[in-house]
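Novice: So here's input-v8.pdb, just PDB, C-alpha atoms, pLDDT in the B column:
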ATOM      1  CA  ARG A   1       7.812  22.413 -17.141  1.00 57.00           C
ATOM      2  CA  GLN A   2       8.995  18.771 -17.265  1.00 65.00           C
ATOM      3  CA  LEU A   3       5.427  17.476 -17.415  1.00 67.00           C
ATOM      4  CA  GLY A   4       4.673  19.124 -20.747  1.00 74.00           C
ATOM      5  CA  MET A   5       1.504  20.670 -19.308  1.00 77.00           C
ATOM      6  CA  ASN A   6       0.414  23.207 -16.728  1.00 83.00           C
ATOM      7  CA  VAL A   7       1.161  21.787 -13.283  1.00 81.00           C
ATOM      8  CA  TRP A   8      -2.241  22.788 -11.907  1.00 84.00           C
ATOM      9  CA  ILE A   9      -4.057  20.966 -14.725  1.00 85.00           C
ATOM     10  CA  PHE A  10      -1.958  17.905 -13.936  1.00 84.00           C
ATOM     11  CA  ARG A  11      -2.724  18.147 -10.203  1.00 85.00           C
ATOM     12  CA  SER A  12      -6.439  18.525 -10.990  1.00 87.00           C
ATOM     13  CA  PHE A  13      -6.268  15.411 -13.168  1.00 86.00           C
ATOM     14  CA  VAL A  14      -4.637  13.469 -10.315  1.00 85.00           C
ATOM     15  CA  LEU A  15      -7.371  14.674  -7.944  1.00 87.00           C
ATOM     16  CA  ILE A  16     -10.084  13.563 -10.390  1.00 87.00           C
ATOM     17  CA  LEU A  17      -8.386  10.155 -10.720  1.00 84.00           C
ATOM     18  CA  TYR A  18      -8.242   9.897  -6.926  1.00 83.00           C
ATOM     19  CA  GLY A  19     -11.976  10.615  -6.671  1.00 84.00           C
ATOM     20  CA  SER A  20     -12.684   8.039  -9.382  1.00 81.00           C
ATOM     21  CA  THR A  21     -10.569   5.449  -7.575  1.00 77.00           C
ATOM     22  CA  VAL A  22     -12.404   6.095  -4.302  1.00 77.00           C
ATOM     23  CA  ALA A  23     -15.781   5.938  -6.053  1.00 76.00           C
ATOM     24  CA  LEU A  24     -14.897   2.638  -7.715  1.00 73.00           C
ATOM     25  CA  SER A  25     -13.639   1.250  -4.419  1.00 68.00           C
ATOM     26  CA  LEU A  26     -16.923   2.168  -2.719  1.00 69.00           C
ATOM     27  CA  ASN A  27     -18.880   0.136  -5.300  1.00 65.00           C
ATOM     28  CA  VAL A  28     -20.816   3.069  -6.766  1.00 60.00           C
ATOM     29  CA  HIS A  29     -20.772   1.205 -10.074  1.00 58.00           C
ATOM     30  CA  GLN A  30     -23.193  -1.586  -9.145  1.00 64.00           C
ATOM     31  CA  THR A  31     -25.378  -0.916 -12.191  1.00 65.00           C
ATOM     32  CA  LEU A  32     -22.601  -1.723 -14.683  1.00 65.00           C
ATOM     33  CA  PRO A  33     -22.079  -5.250 -16.055  1.00 65.00           C
ATOM     34  CA  GLN A  34     -19.181  -7.174 -14.489  1.00 68.00           C
ATOM     35  CA  PRO A  35     -16.753  -7.146 -17.490  1.00 74.00           C
ATOM     36  CA  ALA A  36     -17.200  -3.379 -17.875  1.00 71.00           C
ATOM     37  CA  ILE A  37     -16.440  -2.847 -14.187  1.00 72.00           C
ATOM     38  CA  PHE A  38     -13.213  -4.825 -14.477  1.00 73.00           C
ATOM     39  CA  ILE A  39     -12.062  -2.868 -17.536  1.00 79.00           C
ATOM     40  CA  ILE A  40     -12.963   0.526 -16.036  1.00 78.00           C
ATOM     41  CA  GLU A  41     -11.320  -0.306 -12.702  1.00 77.00           C
ATOM     42  CA  SER A  42      -8.171  -1.558 -14.437  1.00 79.00           C
ATOM     43  CA  ILE A  43      -7.845   1.614 -16.503  1.00 83.00           C
ATOM     44  CA  VAL A  44      -8.583   4.025 -13.643  1.00 81.00           C
ATOM     45  CA  HIS A  45      -6.385   2.234 -11.090  1.00 79.00           C
ATOM     46  CA  GLY A  46      -3.562   1.940 -13.629  1.00 82.00           C
ATOM     47  CA  LEU A  47      -3.748   5.634 -14.501  1.00 82.00           C
ATOM     48  CA  TRP A  48      -3.945   6.522 -10.802  1.00 80.00           C
ATOM     49  CA  THR A  49      -0.839   4.497  -9.986  1.00 81.00           C
ATOM     50  CA  VAL A  50       1.288   6.091 -12.705  1.00 84.00           C
ATOM     51  CA  GLU A  51      -0.035   9.639 -12.310  1.00 85.00           C
ATOM     52  CA  PHE A  52       0.228   9.597  -8.512  1.00 84.00           C
ATOM     53  CA  SER A  53       3.859   8.489  -8.754  1.00 83.00           C
ATOM     54  CA  VAL A  54       4.570  11.395 -11.121  1.00 84.00           C
ATOM     55  CA  PHE A  55       2.621  13.702  -8.793  1.00 85.00           C
ATOM     56  CA  LEU A  56       4.796  12.653  -5.842  1.00 83.00           C
ATOM     57  CA  LEU A  57       7.985  13.185  -7.835  1.00 82.00           C
ATOM     58  CA  GLU A  58       6.803  16.596  -9.026  1.00 83.00           C
ATOM     59  CA  SER A  59       5.668  17.661  -5.545  1.00 83.00           C
ATOM     60  CA  PHE A  60       8.890  16.600  -3.871  1.00 82.00           C
ATOM     61  CA  GLN A  61      10.940  18.289  -6.604  1.00 81.00           C
ATOM     62  CA  GLU A  62       9.074  21.545  -6.059  1.00 82.00           C
ATOM     63  CA  TYR A  63       8.497  21.623  -2.282  1.00 83.00           C
ATOM     64  CA  VAL A  64      11.047  19.305  -0.642  1.00 81.00           C
ATOM     65  CA  ASP A  65      14.221  20.205  -2.506  1.00 79.00           C
ATOM     66  CA  PHE A  66      16.720  20.109   0.352  1.00 81.00           C
ATOM     67  CA  LYS A  67      19.219  17.671   1.839  1.00 85.00           C
ATOM     68  CA  THR A  68      19.457  16.485   5.448  1.00 88.00           C
ATOM     69  CA  PRO A  69      21.499  13.736   7.100  1.00 90.00           C
ATOM     70  CA  LEU A  70      18.336  11.587   7.246  1.00 86.00           C
ATOM     71  CA  SER A  71      17.587  12.073   3.537  1.00 84.00           C
ATOM     72  CA  GLU A  72      21.206  11.203   2.659  1.00 88.00           C
ATOM     73  CA  TRP A  73      21.008   8.040   4.799  1.00 87.00           C
ATOM     74  CA  MET A  74      17.689   7.029   3.229  1.00 84.00           C
ATOM     75  CA  SER A  75      19.045   7.699  -0.256  1.00 86.00           C
ATOM     76  CA  ARG A  76      22.122   5.559   0.459  1.00 89.00           C
ATOM     77  CA  TRP A  77      20.096   2.539   1.582  1.00 88.00           C
ATOM     78  CA  SER A  78      16.964   2.892  -0.558  1.00 87.00           C
ATOM     79  CA  TYR A  79      17.805   0.095  -3.003  1.00 85.00           C
ATOM     80  CA  GLY A  80      18.505  -2.343  -0.177  1.00 87.00           C
ATOM     81  CA  ALA A  81      15.238  -1.314   1.481  1.00 85.00           C
ATOM     82  CA  TYR A  82      13.484  -1.907  -1.841  1.00 83.00           C
ATOM     83  CA  LEU A  83      14.889  -5.446  -1.969  1.00 84.00           C
ATOM     84  CA  LEU A  84      13.964  -6.184   1.660  1.00 83.00           C
ATOM     85  CA  GLN A  85      10.412  -4.923   1.110  1.00 80.00           C
ATOM     86  CA  ASN A  86       9.491  -8.149  -0.637  1.00 77.00           C
ATOM     87  CA  ILE A  87      10.093 -10.022   2.601  1.00 75.00           C
ATOM     88  CA  LEU A  88       9.205  -7.498   5.288  1.00 71.00           C
ATOM     89  CA  VAL A  89       6.377  -5.487   3.735  1.00 66.00           C
ATOM     90  CA  PHE A  90       4.628  -7.923   1.444  1.00 67.00           C
ATOM     91  CA  THR A  91       4.914 -11.115   3.502  1.00 73.00           C
ATOM     92  CA  MET A  92       5.345 -10.454   7.209  1.00 70.00           C
ATOM     93  CA  PRO A  93       2.452  -7.971   7.720  1.00 66.00           C
ATOM     94  CA  VAL A  94       0.019 -10.432   6.160  1.00 71.00           C
ATOM     95  CA  VAL A  95       1.196 -13.219   8.456  1.00 73.00           C
ATOM     96  CA  VAL A  96       1.124 -10.942  11.519  1.00 70.00           C
ATOM     97  CA  PHE A  97      -2.321  -9.593  10.579  1.00 68.00           C
ATOM     98  CA  VAL A  98      -3.838 -13.063  10.128  1.00 71.00           C
ATOM     99  CA  TYR A  99      -2.433 -14.333  13.422  1.00 70.00           C
ATOM    100  CA  ALA A 100      -3.394 -11.173  15.339  1.00 67.00           C
ATOM    101  CA  TYR A 101      -6.892 -11.107  13.834  1.00 67.00           C
ATOM    102  CA  ASN A 102      -7.484 -14.775  14.532  1.00 66.00           C
ATOM    103  CA  ALA A 103      -6.081 -14.473  18.083  1.00 67.00           C
ATOM    104  CA  GLY A 104      -8.693 -11.824  18.913  1.00 63.00           C
ATOM    105  CA  PHE A 105     -11.470 -13.803  17.277  1.00 57.00           C
ATOM    106  CA  ASP A 106     -14.030 -15.222  19.711  1.00 55.00           C
ATOM    107  CA  ARG A 107     -14.299 -18.851  18.587  1.00 53.00           C
ATOM    108  CA  SER A 108     -17.136 -19.565  20.993  1.00 53.00           C
ATOM    109  CA  LEU A 109     -19.426 -17.518  18.729  1.00 48.00           C
ATOM    110  CA  GLN A 110     -18.285 -19.223  15.531  1.00 50.00           C
ATOM    111  CA  ASP A 111     -20.540 -21.552  13.581  1.00 49.00           C
ATOM    112  CA  VAL A 112     -18.247 -24.488  12.818  1.00 46.00           C
ATOM    113  CA  THR A 113     -20.138 -25.431   9.648  1.00 46.00           C
ATOM    114  CA  THR A 114     -20.022 -22.030   7.939  1.00 49.00           C
ATOM    115  CA  GLY A 115     -17.075 -20.372   9.705  1.00 47.00           C
ATOM    116  CA  SER A 116     -19.170 -17.296  10.431  1.00 50.00           C
ATOM    117  CA  GLY A 117     -19.808 -15.732  13.791  1.00 48.00           C
ATOM    118  CA  GLY A 118     -17.378 -14.221  16.261  1.00 47.00           C
ATOM    119  CA  GLY A 119     -18.837 -10.757  16.190  1.00 48.00           C
ATOM    120  CA  GLY A 120     -20.269 -10.988  12.685  1.00 48.00           C
ATOM    121  CA  TYR A 121     -17.076 -12.060  10.949  1.00 54.00           C
ATOM    122  CA  GLY A 122     -15.399 -15.419  10.595  1.00 59.00           C
ATOM    123  CA  ALA A 123     -11.826 -16.274  11.390  1.00 65.00           C
ATOM    124  CA  ILE A 124      -9.482 -15.879   8.445  1.00 69.00           C
ATOM    125  CA  VAL A 125      -9.247 -19.368   7.033  1.00 70.00           C
ATOM    126  CA  PHE A 126      -7.145 -20.539   4.107  1.00 71.00           C
ATOM    127  CA  GLU A 127      -8.021 -23.694   2.244  1.00 74.00           C
ATOM    128  CA  PRO A 128      -5.215 -26.293   2.253  1.00 77.00           C
ATOM    129  CA  GLY A 129      -2.737 -25.539  -0.512  1.00 77.00           C
ATOM    130  CA  SER A 130      -4.236 -22.091  -1.203  1.00 73.00           C
ATOM    131  CA  SER A 131      -2.918 -18.594  -0.506  1.00 69.00           C
ATOM    132  CA  VAL A 132      -6.373 -17.023  -0.921  1.00 69.00           C
ATOM    133  CA  SER A 133      -9.071 -16.703   1.729  1.00 70.00           C
ATOM    134  CA  SER A 134     -12.725 -15.938   1.062  1.00 68.00           C
ATOM    135  CA  THR A 135     -13.242 -14.644   4.602  1.00 69.00           C
ATOM    136  CA  VAL A 136     -14.880 -11.215   4.871  1.00 68.00           C
ATOM    137  CA  VAL A 137     -12.691  -8.977   7.031  1.00 67.00           C
ATOM    138  CA  PRO A 138     -13.907  -5.667   8.525  1.00 69.00           C
ATOM    139  CA  MET A 139     -12.278  -2.508   7.194  1.00 70.00           C
ATOM    140  CA  THR A 140     -10.907  -1.139  10.496  1.00 73.00           C
ATOM    141  CA  PRO A 141      -8.335  -3.899  11.118  1.00 69.00           C
ATOM    142  CA  LEU A 142      -7.279  -3.692   7.474  1.00 69.00           C
ATOM    143  CA  VAL A 143      -6.653   0.057   7.679  1.00 73.00           C
ATOM    144  CA  ILE A 144      -4.781  -0.279  10.980  1.00 74.00           C
ATOM    145  CA  GLY A 145      -2.715  -3.122   9.522  1.00 70.00           C
ATOM    146  CA  TRP A 146      -1.925  -1.105   6.403  1.00 72.00           C
ATOM    147  CA  VAL A 147      -0.769   1.926   8.414  1.00 76.00           C
ATOM    148  CA  TYR A 148       1.290  -0.350  10.658  1.00 73.00           C
ATOM    149  CA  ALA A 149       2.886  -1.989   7.641  1.00 70.00           C
ATOM    150  CA  CYS A 150       3.716   1.357   6.061  1.00 72.00           C
ATOM    151  CA  LEU A 151       5.214   2.883   9.186  1.00 78.00           C
ATOM    152  CA  VAL A 152       6.890  -0.024  10.955  1.00 79.00           C
ATOM    153  CA  TYR A 153       7.938  -2.365   8.187  1.00 77.00           C
ATOM    154  CA  THR A 154       9.176   0.302   5.796  1.00 79.00           C
ATOM    155  CA  THR A 155      11.341   1.728   8.582  1.00 83.00           C
ATOM    156  CA  LEU A 156      12.626  -1.771   9.320  1.00 84.00           C
ATOM    157  CA  CYS A 157      13.531  -2.168   5.638  1.00 84.00           C
ATOM    158  CA  TYR A 158      15.811   0.873   5.777  1.00 88.00           C
ATOM    159  CA  VAL A 159      17.389  -0.175   9.068  1.00 89.00           C
ATOM    160  CA  GLY A 160      17.906  -3.729   7.791  1.00 88.00           C
ATOM    161  CA  ALA A 161      19.427  -2.478   4.533  1.00 89.00           C
ATOM    162  CA  SER A 162      21.760  -0.201   6.496  1.00 91.00           C
ATOM    163  CA  ILE A 163      22.885  -3.036   8.774  1.00 91.00           C
ATOM    164  CA  LEU A 164      23.408  -5.447   5.876  1.00 89.00           C
ATOM    165  CA  GLY A 165      25.251  -2.770   3.882  1.00 90.00           C
ATOM    166  CA  GLN A 166      27.594  -2.042   6.759  1.00 90.00           C
ATOM    167  CA  LEU A 167      28.196  -5.752   7.403  1.00 90.00           C
ATOM    168  CA  PHE A 168      29.157  -6.347   3.794  1.00 88.00           C
ATOM    169  CA  ARG A 169      30.827  -2.919   3.343  1.00 80.00           C
ATOM    170  CA  VAL A 170      28.675  -1.818   0.440  1.00 62.00           C
TER     171      VAL A 170
END
Once more with this new file: its structure as structure tokens, please.
Specialist:
Amino acid sequence: RQLGMNVWIFRSFVLILYGSTVALSLNVHQTLPQPAIFIIESIVHGLWTVEFSVFLLESFQEYVDFKTPLSEWMSRWSYGAYLLQNILVFTMPVVVFVYAYNAGFDRSLQDVTTGSGGGGYGAIVFEPGSSVSSTVVPMTPLVIGWVYACLVYTTLCYVGASILGQLFRV
């Protein structure tokens, strides 16, 4: 009722956007010219981001409308966790991932002139003064790192916000 449309039409739209996002991410659009790809991806990913957020709010409002001690605690410290996310979620996992990935990289197989090798992939290398790397990284470590970041670092954000809030009596 708050959406201004039938909820099942909305959910179907979100599902279609999800499929479009996956299709675009899998490079099924290789026949399109580069500027068109950028515009289409920007529109679809932007719509997906907004609509999925609304979908989550709607779903939680309909199916998870109850209060527990854990939900009260998370609600109390959510803004502090949001502020700590910039440090713990967006910075630390990247640093940990790069160090962990490079530590497991077999440098004896690396071609020192091109940086490739080591099981088909090069070590993650950043040019001096740059925060961008052109190194190709396999998908499995990225997915594992993303899950780790979501589970571990988000939990740490709430714990850290709780500790800081209690220290400063917020």
Novice: Calculate how many Å separate atom CA of A:Thr155 from atom CA of A:Glu72, rounding to one decimal.
Specialist: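 Atom CA of A:Glu72 lies 14.9 Å from atom CA of A:Thr155.
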Novice: Under the PyMOL selection byres ((chain A and resi 88) around 12), which residues of this model are included? Write them out as a VMD selection string.
Specialist: chain A and resid 80 to 87 89 to 96 148 to 161
Novice: Just the number, please: distance in Å from atom CA of A:Val50 to atom CA of A:Leu17, one decimal.
Specialist: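 If I compute the distance from atom CA of A:Val50 to atom CA of A:Leu17, I get 10.7 Å.
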Novice: Of the candidates A:Leu47, A:Val98, A:Ile16, A:Met74, which shows the shortest atom-to-atom distance to A:Phe126, using all atoms listed in the file?
Specialist: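 The closest residue to A:Phe126 is A:Val98.
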Novice: Quick check, in Å to one decimal: how far apart do atom CA of A:Ser59 and atom CA of A:Thr21 lie?
Specialist: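 Atom CA of A:Ser59 sits 20.4 Å away from atom CA of A:Thr21.
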Novice: Using only C-alpha atoms, which of the listed residues (A:Ile43, A:Glu51, A:Trp77, A:Phe38) sits closest to A:Val14?
Specialist: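 The shortest atom-to-atom distance to A:Val14 comes from A:Glu51.
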Novice: Of the candidates A:Trp8, A:Trp146, A:Phe13, A:Phe168, which shows the shortest atom-to-atom distance to A:Phe52, using only C-alpha atoms?
Specialist: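 Looking only at the distances to A:Phe52, the closest residue turns out to be A:Phe13.
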Novice: Name all residues at most 7 Å from A:Glu41 (count all atoms listed in the file; drop same-chain ones fewer than 4 positions away) and give them as a PyMOL selection string.
Specialist: chain A and resi 24+37+45
Novice: Could you write out the selected residues, including C-alpha atoms, as a short mmCIF file (atom, residue, chain, number, x, y, z; two decimals), in the frame of the given file?
Specialist:
data_model
loop_
_atom_site.label_atom_id
_atom_site.label_comp_id
_atom_site.auth_asym_id
_atom_site.auth_seq_id
_atom_site.Cartn_x
_atom_site.Cartn_y
_atom_site.Cartn_z
CA LEU A 24 -14.90 2.64 -7.72
CA ILE A 37 -16.44 -2.85 -14.19
CA HIS A 45 -6.38 2.23 -11.09
#
Novice: Return the single residue from A:Ile40, A:Pro128, A:Val7, A:Tyr79 that is closest to A:Leu164, with distances computed using all atoms listed in the file.
Specialist: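 Closest to A:Leu164, using all atoms listed in the file: A:Tyr79.
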Novice: With all heavy atoms as the goal, would you fill in the gaps in stretch 8-19 of chain A and present it as a PDB file, keeping the file's coordinate frame?
Specialist:
ATOM      1  N   TRP A   8      -0.949  22.793 -12.595  1.00 84.00           N
ATOM      2  CA  TRP A   8      -2.241  22.788 -11.907  1.00 84.00           C
ATOM      3  C   TRP A   8      -3.274  21.941 -12.644  1.00 84.00           C
ATOM      4  O   TRP A   8      -4.132  21.321 -12.024  1.00 84.00           O
ATOM      5  CB  TRP A   8      -2.733  24.209 -11.678  1.00 84.00           C
ATOM      6  CG  TRP A   8      -1.874  24.882 -10.660  1.00 84.00           C
ATOM      7  CD1 TRP A   8      -0.909  25.831 -10.881  1.00 84.00           C
ATOM      8  CD2 TRP A   8      -1.836  24.583  -9.267  1.00 84.00           C
ATOM      9  NE1 TRP A   8      -0.287  26.151  -9.707  1.00 84.00           N
ATOM     10  CE2 TRP A   8      -0.838  25.408  -8.689  1.00 84.00           C
ATOM     11  CE3 TRP A   8      -2.533  23.715  -8.439  1.00 84.00           C
ATOM     12  CZ2 TRP A   8      -0.527  25.376  -7.338  1.00 84.00           C
ATOM     13  CZ3 TRP A   8      -2.232  23.695  -7.085  1.00 84.00           C
ATOM     14  CH2 TRP A   8      -1.241  24.513  -6.557  1.00 84.00           C
ATOM     15  N   ILE A   9      -3.185  21.870 -13.966  1.00 85.00           N
ATOM     16  CA  ILE A   9      -4.057  20.966 -14.725  1.00 85.00           C
ATOM     17  C   ILE A   9      -3.705  19.526 -14.374  1.00 85.00           C
ATOM     18  O   ILE A   9      -4.581  18.684 -14.162  1.00 85.00           O
ATOM     19  CB  ILE A   9      -3.931  21.230 -16.241  1.00 85.00           C
ATOM     20  CG1 ILE A   9      -4.497  22.611 -16.575  1.00 85.00           C
ATOM     21  CG2 ILE A   9      -4.623  20.138 -17.043  1.00 85.00           C
ATOM     22  CD1 ILE A   9      -4.268  23.037 -18.008  1.00 85.00           C
ATOM     23  N   PHE A  10      -2.397  19.246 -14.309  1.00 84.00           N
ATOM     24  CA  PHE A  10      -1.958  17.905 -13.936  1.00 84.00           C
ATOM     25  C   PHE A  10      -2.445  17.521 -12.538  1.00 84.00           C
ATOM     26  O   PHE A  10      -2.964  16.433 -12.322  1.00 84.00           O
ATOM     27  CB  PHE A  10      -0.428  17.802 -14.010  1.00 84.00           C
ATOM     28  CG  PHE A  10       0.109  16.514 -13.471  1.00 84.00           C
ATOM     29  CD1 PHE A  10      -0.051  15.337 -14.184  1.00 84.00           C
ATOM     30  CD2 PHE A  10       0.745  16.469 -12.245  1.00 84.00           C
ATOM     31  CE1 PHE A  10       0.431  14.141 -13.688  1.00 84.00           C
ATOM     32  CE2 PHE A  10       1.225  15.285 -11.742  1.00 84.00           C
ATOM     33  CZ  PHE A  10       1.072  14.113 -12.462  1.00 84.00           C
ATOM     34  N   ARG A  11      -2.282  18.432 -11.581  1.00 85.00           N
ATOM     35  CA  ARG A  11      -2.724  18.147 -10.203  1.00 85.00           C
ATOM     36  C   ARG A  11      -4.236  17.944 -10.145  1.00 85.00           C
ATOM     37  O   ARG A  11      -4.724  17.106  -9.387  1.00 85.00           O
ATOM     38  CB  ARG A  11      -2.296  19.276  -9.275  1.00 85.00           C
ATOM     39  CG  ARG A  11      -0.795  19.317  -9.054  1.00 85.00           C
ATOM     40  CD  ARG A  11      -0.368  20.504  -8.228  1.00 85.00           C
ATOM     41  NE  ARG A  11       1.078  20.530  -8.092  1.00 85.00           N
ATOM     42  CZ  ARG A  11       1.749  21.542  -7.612  1.00 85.00           C
ATOM     43  NH1 ARG A  11       1.114  22.632  -7.210  1.00 85.00           N
ATOM     44  NH2 ARG A  11       3.057  21.493  -7.523  1.00 85.00           N
ATOM     45  N   SER A  12      -4.976  18.703 -10.934  1.00 87.00           N
ATOM     46  CA  SER A  12      -6.439  18.525 -10.990  1.00 87.00           C
ATOM     47  C   SER A  12      -6.788  17.149 -11.560  1.00 87.00           C
ATOM     48  O   SER A  12      -7.697  16.475 -11.077  1.00 87.00           O
ATOM     49  CB  SER A  12      -7.084  19.609 -11.856  1.00 87.00           C
ATOM     50  OG  SER A  12      -6.805  20.877 -11.334  1.00 87.00           O
ATOM     51  N   PHE A  13      -6.061  16.733 -12.577  1.00 86.00           N
ATOM     52  CA  PHE A  13      -6.268  15.411 -13.168  1.00 86.00           C
ATOM     53  C   PHE A  13      -6.011  14.312 -12.140  1.00 86.00           C
ATOM     54  O   PHE A  13      -6.782  13.352 -12.034  1.00 86.00           O
ATOM     55  CB  PHE A  13      -5.354  15.247 -14.389  1.00 86.00           C
ATOM     56  CG  PHE A  13      -5.497  13.929 -15.080  1.00 86.00           C
ATOM     57  CD1 PHE A  13      -6.677  13.582 -15.724  1.00 86.00           C
ATOM     58  CD2 PHE A  13      -4.451  13.029 -15.093  1.00 86.00           C
ATOM     59  CE1 PHE A  13      -6.807  12.363 -16.365  1.00 86.00           C
ATOM     60  CE2 PHE A  13      -4.565  11.812 -15.725  1.00 86.00           C
ATOM     61  CZ  PHE A  13      -5.754  11.468 -16.367  1.00 86.00           C
ATOM     62  N   VAL A  14      -4.946  14.457 -11.362  1.00 85.00           N
ATOM     63  CA  VAL A  14      -4.637  13.469 -10.315  1.00 85.00           C
ATOM     64  C   VAL A  14      -5.750  13.450  -9.278  1.00 85.00           C
ATOM     65  O   VAL A  14      -6.175  12.377  -8.817  1.00 85.00           O
ATOM     66  CB  VAL A  14      -3.268  13.767  -9.665  1.00 85.00           C
ATOM     67  CG1 VAL A  14      -3.036  12.902  -8.443  1.00 85.00           C
ATOM     68  CG2 VAL A  14      -2.155  13.557 -10.678  1.00 85.00           C
ATOM     69  N   LEU A  15      -6.275  14.600  -8.906  1.00 87.00           N
ATOM     70  CA  LEU A  15      -7.371  14.674  -7.944  1.00 87.00           C
ATOM     71  C   LEU A  15      -8.630  14.001  -8.487  1.00 87.00           C
ATOM     72  O   LEU A  15      -9.319  13.262  -7.773  1.00 87.00           O
ATOM     73  CB  LEU A  15      -7.652  16.128  -7.573  1.00 87.00           C
ATOM     74  CG  LEU A  15      -8.628  16.375  -6.435  1.00 87.00           C
ATOM     75  CD1 LEU A  15      -8.117  15.749  -5.144  1.00 87.00           C
ATOM     76  CD2 LEU A  15      -8.849  17.856  -6.250  1.00 87.00           C
ATOM     77  N   ILE A  16      -8.924  14.216  -9.766  1.00 87.00           N
ATOM     78  CA  ILE A  16     -10.084  13.563 -10.390  1.00 87.00           C
ATOM     79  C   ILE A  16      -9.881  12.047 -10.409  1.00 87.00           C
ATOM     80  O   ILE A  16     -10.808  11.278 -10.110  1.00 87.00           O
ATOM     81  CB  ILE A  16     -10.308  14.114 -11.811  1.00 87.00           C
ATOM     82  CG1 ILE A  16     -10.805  15.555 -11.730  1.00 87.00           C
ATOM     83  CG2 ILE A  16     -11.292  13.244 -12.595  1.00 87.00           C
ATOM     84  CD1 ILE A  16     -10.778  16.294 -13.050  1.00 87.00           C
ATOM     85  N   LEU A  17      -8.668  11.597 -10.737  1.00 84.00           N
ATOM     86  CA  LEU A  17      -8.386  10.155 -10.720  1.00 84.00           C
ATOM     87  C   LEU A  17      -8.534   9.583  -9.317  1.00 84.00           C
ATOM     88  O   LEU A  17      -9.033   8.474  -9.135  1.00 84.00           O
ATOM     89  CB  LEU A  17      -6.976   9.875 -11.240  1.00 84.00           C
ATOM     90  CG  LEU A  17      -6.808   9.823 -12.735  1.00 84.00           C
ATOM     91  CD1 LEU A  17      -5.344   9.661 -13.103  1.00 84.00           C
ATOM     92  CD2 LEU A  17      -7.626   8.696 -13.332  1.00 84.00           C
ATOM     93  N   TYR A  18      -8.093  10.348  -8.304  1.00 83.00           N
ATOM     94  CA  TYR A  18      -8.242   9.897  -6.926  1.00 83.00           C
ATOM     95  C   TYR A  18      -9.717   9.732  -6.575  1.00 83.00           C
ATOM     96  O   TYR A  18     -10.120   8.720  -6.004  1.00 83.00           O
ATOM     97  CB  TYR A  18      -7.570  10.877  -5.967  1.00 83.00           C
ATOM     98  CG  TYR A  18      -7.784  10.508  -4.520  1.00 83.00           C
ATOM     99  CD1 TYR A  18      -7.170   9.390  -3.979  1.00 83.00           C
ATOM    100  CD2 TYR A  18      -8.608  11.265  -3.704  1.00 83.00           C
ATOM    101  CE1 TYR A  18      -7.363   9.035  -2.665  1.00 83.00           C
ATOM    102  CE2 TYR A  18      -8.812  10.920  -2.386  1.00 83.00           C
ATOM    103  CZ  TYR A  18      -8.183   9.806  -1.869  1.00 83.00           C
ATOM    104  OH  TYR A  18      -8.390   9.459  -0.560  1.00 83.00           O
ATOM    105  N   GLY A  19     -10.538  10.715  -6.934  1.00 84.00           N
ATOM    106  CA  GLY A  19     -11.976  10.615  -6.671  1.00 84.00           C
ATOM    107  C   GLY A  19     -12.595   9.432  -7.394  1.00 84.00           C
ATOM    108  O   GLY A  19     -13.443   8.726  -6.835  1.00 84.00           O
TER     109      GLY A  19
END
